[in-house]
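J.: Would you mind keeping the following structure in view while I ask a few things?
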Amino acid sequence: MTEYKVFLSKDAELEINEITIWYEMKSESLGLRFFDCFDNYISQIIQNPFIYAIAFDNFRKVFMISFPYLIIYAVDIDKREVEVLGVYHTSRNPKTIKKKLRKI
């Protein structure tokens with residue numbers, strides 16, 4: 001299977017940076033551990049974007065096991081692209097996340 005290209009939305013980019021900085025401020029190298037964990041999930045998605053379940057509509061989700069975050073992404077089969085739309089803390093209200101994603 002040919003790998004998919006991955007793109008981060010501006011929101012996802014900002015969220016990842018903010019989360020990484022927050023963890024780094026809590027404990028040295030914890031931000032790096034978060035980013036490495038995120039990167040490992042992205043590597044899996046690149047190999048097979050259909051490995052994770054559909055959350056709703058055409059959006060897929062993956063729960064980061066080591067950190068309380070959820071990665072939401074969309075797959076464009078024709079272009080062989082994946083767009084990471086957001087990284088959300090699991091304590092957030094799912095309705096709020098859906099509402100935000102439906103505006104995309």
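Ligands are numbered from 1 in the order shown, chains are lettered A, B, ... in the order of the structure tokens, and residues start at 1 in each chain.
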Write out as a short mmCIF file (atom, residue, chain, number, x, y, z; two decimals) with N, CA and C atoms, in the first residue's frame which residues come within 9 Å of range 86-91 of chain A when counting only C-alpha atoms, dropping same-chain ones fewer than 4 positions away.
T.:
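The file below, result_25.cif, is the result:
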```cif
data_model
loop_
_atom_site.label_atom_id
_atom_site.label_comp_id
_atom_site.auth_asym_id
_atom_site.auth_seq_id
_atom_site.Cartn_x
_atom_site.Cartn_y
_atom_site.Cartn_z
N LEU A 8 -1.44 19.07 8.28
CA LEU A 8 -2.05 19.54 9.52
C LEU A 8 -2.82 20.82 9.24
N SER A 9 -4.05 20.90 9.73
CA SER A 9 -4.79 22.16 9.63
C SER A 9 -4.09 23.17 10.53
N LYS A 10 -4.37 24.45 10.30
CA LYS A 10 -3.77 25.48 11.15
C LYS A 10 -4.16 25.28 12.61
N ASP A 11 -5.43 24.90 12.84
CA ASP A 11 -5.90 24.65 14.20
C ASP A 11 -5.11 23.51 14.84
N ALA A 12 -4.92 22.43 14.10
CA ALA A 12 -4.19 21.28 14.63
C ALA A 12 -2.75 21.66 14.94
N GLU A 13 -2.13 22.42 14.06
CA GLU A 13 -0.76 22.86 14.29
C GLU A 13 -0.64 23.67 15.57
N GLU A 15 -2.74 23.68 18.14
CA GLU A 15 -3.05 22.83 19.29
C GLU A 15 -1.85 21.97 19.67
N ILE A 16 -1.19 21.38 18.70
CA ILE A 16 -0.03 20.53 18.97
C ILE A 16 1.08 21.35 19.62
N PHE A 63 -7.46 7.67 19.75
CA PHE A 63 -7.16 8.09 21.12
C PHE A 63 -5.68 7.83 21.39
N PHE A 67 -1.40 9.81 26.44
CA PHE A 67 -1.82 11.17 26.78
C PHE A 67 -3.33 11.28 26.57
N PRO A 68 -4.00 12.13 27.32
CA PRO A 68 -5.47 12.21 27.21
C PRO A 68 -5.93 13.08 26.03
N TYR A 69 -5.53 12.70 24.85
CA TYR A 69 -5.89 13.47 23.65
C TYR A 69 -6.43 12.57 22.57
N LEU A 70 -7.20 13.20 21.71
CA LEU A 70 -7.87 12.55 20.61
C LEU A 70 -7.43 13.27 19.33
N ILE A 71 -6.98 12.51 18.34
CA ILE A 71 -6.60 13.07 17.05
C ILE A 71 -7.77 12.83 16.10
N ILE A 72 -8.25 13.90 15.47
CA ILE A 72 -9.32 13.80 14.49
C ILE A 72 -8.73 14.11 13.11
N TYR A 73 -9.04 13.24 12.14
CA TYR A 73 -8.50 13.46 10.80
C TYR A 73 -9.50 13.02 9.74
N ILE A 97 -16.79 19.51 19.86
CA ILE A 97 -15.83 19.10 18.83
C ILE A 97 -16.55 18.90 17.50
N LEU A 101 -15.94 20.91 13.97
CA LEU A 101 -15.52 20.20 12.76
C LEU A 101 -16.52 20.36 11.62
#
```
J.: Please identify which residues in range 28-80 of chain A DSSP calls strand (DSSP E) from the backbone, and express them as a PyMOL selection string.
T.: chain A and resi 54-56+59-64+69-76
J.: Going by DSSP on the backbone, which residues of chain A come out as helix (DSSP H, G or I)? List them as an NGL selection string.
T.: :A and (10-26 or 30-47 or 94-102)
J.: How about saving the chosen residues, C-alpha atoms kept, as a PDB file, in the first residue's frame?
T.:
```pdb
ATOM      1  CA  LYS A  10      -3.770  25.484  11.154  1.00  0.00           C
ATOM      2  CA  ASP A  11      -5.895  24.647  14.204  1.00  0.00           C
ATOM      3  CA  ALA A  12      -4.193  21.277  14.629  1.00  0.00           C
ATOM      4  CA  GLU A  13      -0.762  22.858  14.286  1.00  0.00           C
ATOM      5  CA  LEU A  14      -1.552  25.442  16.958  1.00  0.00           C
ATOM      6  CA  GLU A  15      -3.049  22.826  19.291  1.00  0.00           C
ATOM      7  CA  ILE A  16      -0.028  20.531  18.971  1.00  0.00           C
ATOM      8  CA  ASN A  17       2.367  23.392  19.666  1.00  0.00           C
ATOM      9  CA  GLU A  18       0.360  24.585  22.678  1.00  0.00           C
ATOM     10  CA  ILE A  19       0.055  21.077  24.131  1.00  0.00           C
ATOM     11  CA  THR A  20       3.764  20.386  23.625  1.00  0.00           C
ATOM     12  CA  ILE A  21       4.735  23.644  25.336  1.00  0.00           C
ATOM     13  CA  TRP A  22       2.293  23.037  28.204  1.00  0.00           C
ATOM     14  CA  TYR A  23       3.721  19.567  28.874  1.00  0.00           C
ATOM     15  CA  GLU A  24       7.290  20.842  28.599  1.00  0.00           C
ATOM     16  CA  MET A  25       6.528  23.486  31.228  1.00  0.00           C
ATOM     17  CA  LYS A  26       5.159  20.772  33.537  1.00  0.00           C
ATOM     18  CA  LEU A  30       7.458  15.605  28.695  1.00  0.00           C
ATOM     19  CA  GLY A  31       6.589  17.910  25.785  1.00  0.00           C
ATOM     20  CA  LEU A  32       8.993  15.978  23.595  1.00  0.00           C
ATOM     21  CA  ARG A  33       7.409  12.705  24.743  1.00  0.00           C
ATOM     22  CA  PHE A  34       3.970  14.056  23.792  1.00  0.00           C
ATOM     23  CA  PHE A  35       5.204  15.135  20.359  1.00  0.00           C
ATOM     24  CA  ASP A  36       6.933  11.773  19.770  1.00  0.00           C
ATOM     25  CA  CYS A  37       3.730   9.970  20.739  1.00  0.00           C
ATOM     26  CA  PHE A  38       1.710  12.159  18.346  1.00  0.00           C
ATOM     27  CA  ASP A  39       4.277  11.552  15.608  1.00  0.00           C
ATOM     28  CA  ASN A  40       4.042   7.766  16.110  1.00  0.00           C
ATOM     29  CA  TYR A  41       0.274   7.880  15.569  1.00  0.00           C
ATOM     30  CA  ILE A  42       0.771   9.990  12.435  1.00  0.00           C
ATOM     31  CA  SER A  43       3.227   7.396  11.132  1.00  0.00           C
ATOM     32  CA  GLN A  44       0.585   4.704  11.591  1.00  0.00           C
ATOM     33  CA  ILE A  45      -2.006   6.851   9.833  1.00  0.00           C
ATOM     34  CA  ILE A  46       0.370   7.448   6.903  1.00  0.00           C
ATOM     35  CA  GLN A  47       0.741   3.688   6.456  1.00  0.00           C
ATOM     36  CA  PRO A  94     -17.856  15.722  22.022  1.00  0.00           C
ATOM     37  CA  LYS A  95     -20.724  17.935  20.848  1.00  0.00           C
ATOM     38  CA  THR A  96     -18.410  20.959  20.899  1.00  0.00           C
ATOM     39  CA  ILE A  97     -15.832  19.098  18.833  1.00  0.00           C
ATOM     40  CA  LYS A  98     -18.448  17.960  16.294  1.00  0.00           C
ATOM     41  CA  LYS A  99     -19.812  21.488  16.002  1.00  0.00           C
ATOM     42  CA  LYS A 100     -16.345  22.879  15.345  1.00  0.00           C
ATOM     43  CA  LEU A 101     -15.518  20.204  12.759  1.00  0.00           C
ATOM     44  CA  ARG A 102     -18.779  20.637  10.872  1.00  0.00           C
TER      45      ARG A 102
END
```
J.: CA of Arg80 in chain A and CA of Lys61 in chain A are how many Å apart?
T.: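 About the pair CA of Arg80 in chain A and CA of Lys61 in chain A: they are 17.7 Å apart.
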J.: Give me, please, the distance in Å between CA of Lys5 in chain A and CA of Phe56 in chain A, quoted to one decimal.
T.: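 CA of Phe56 in chain A lies at a distance of 21.9 Å from CA of Lys5 in chain A.
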J.: Can you measure CA of Val84 in chain A to CA of Tyr4 in chain A for me? One decimal in Å is fine.
T.: 12.2 Å
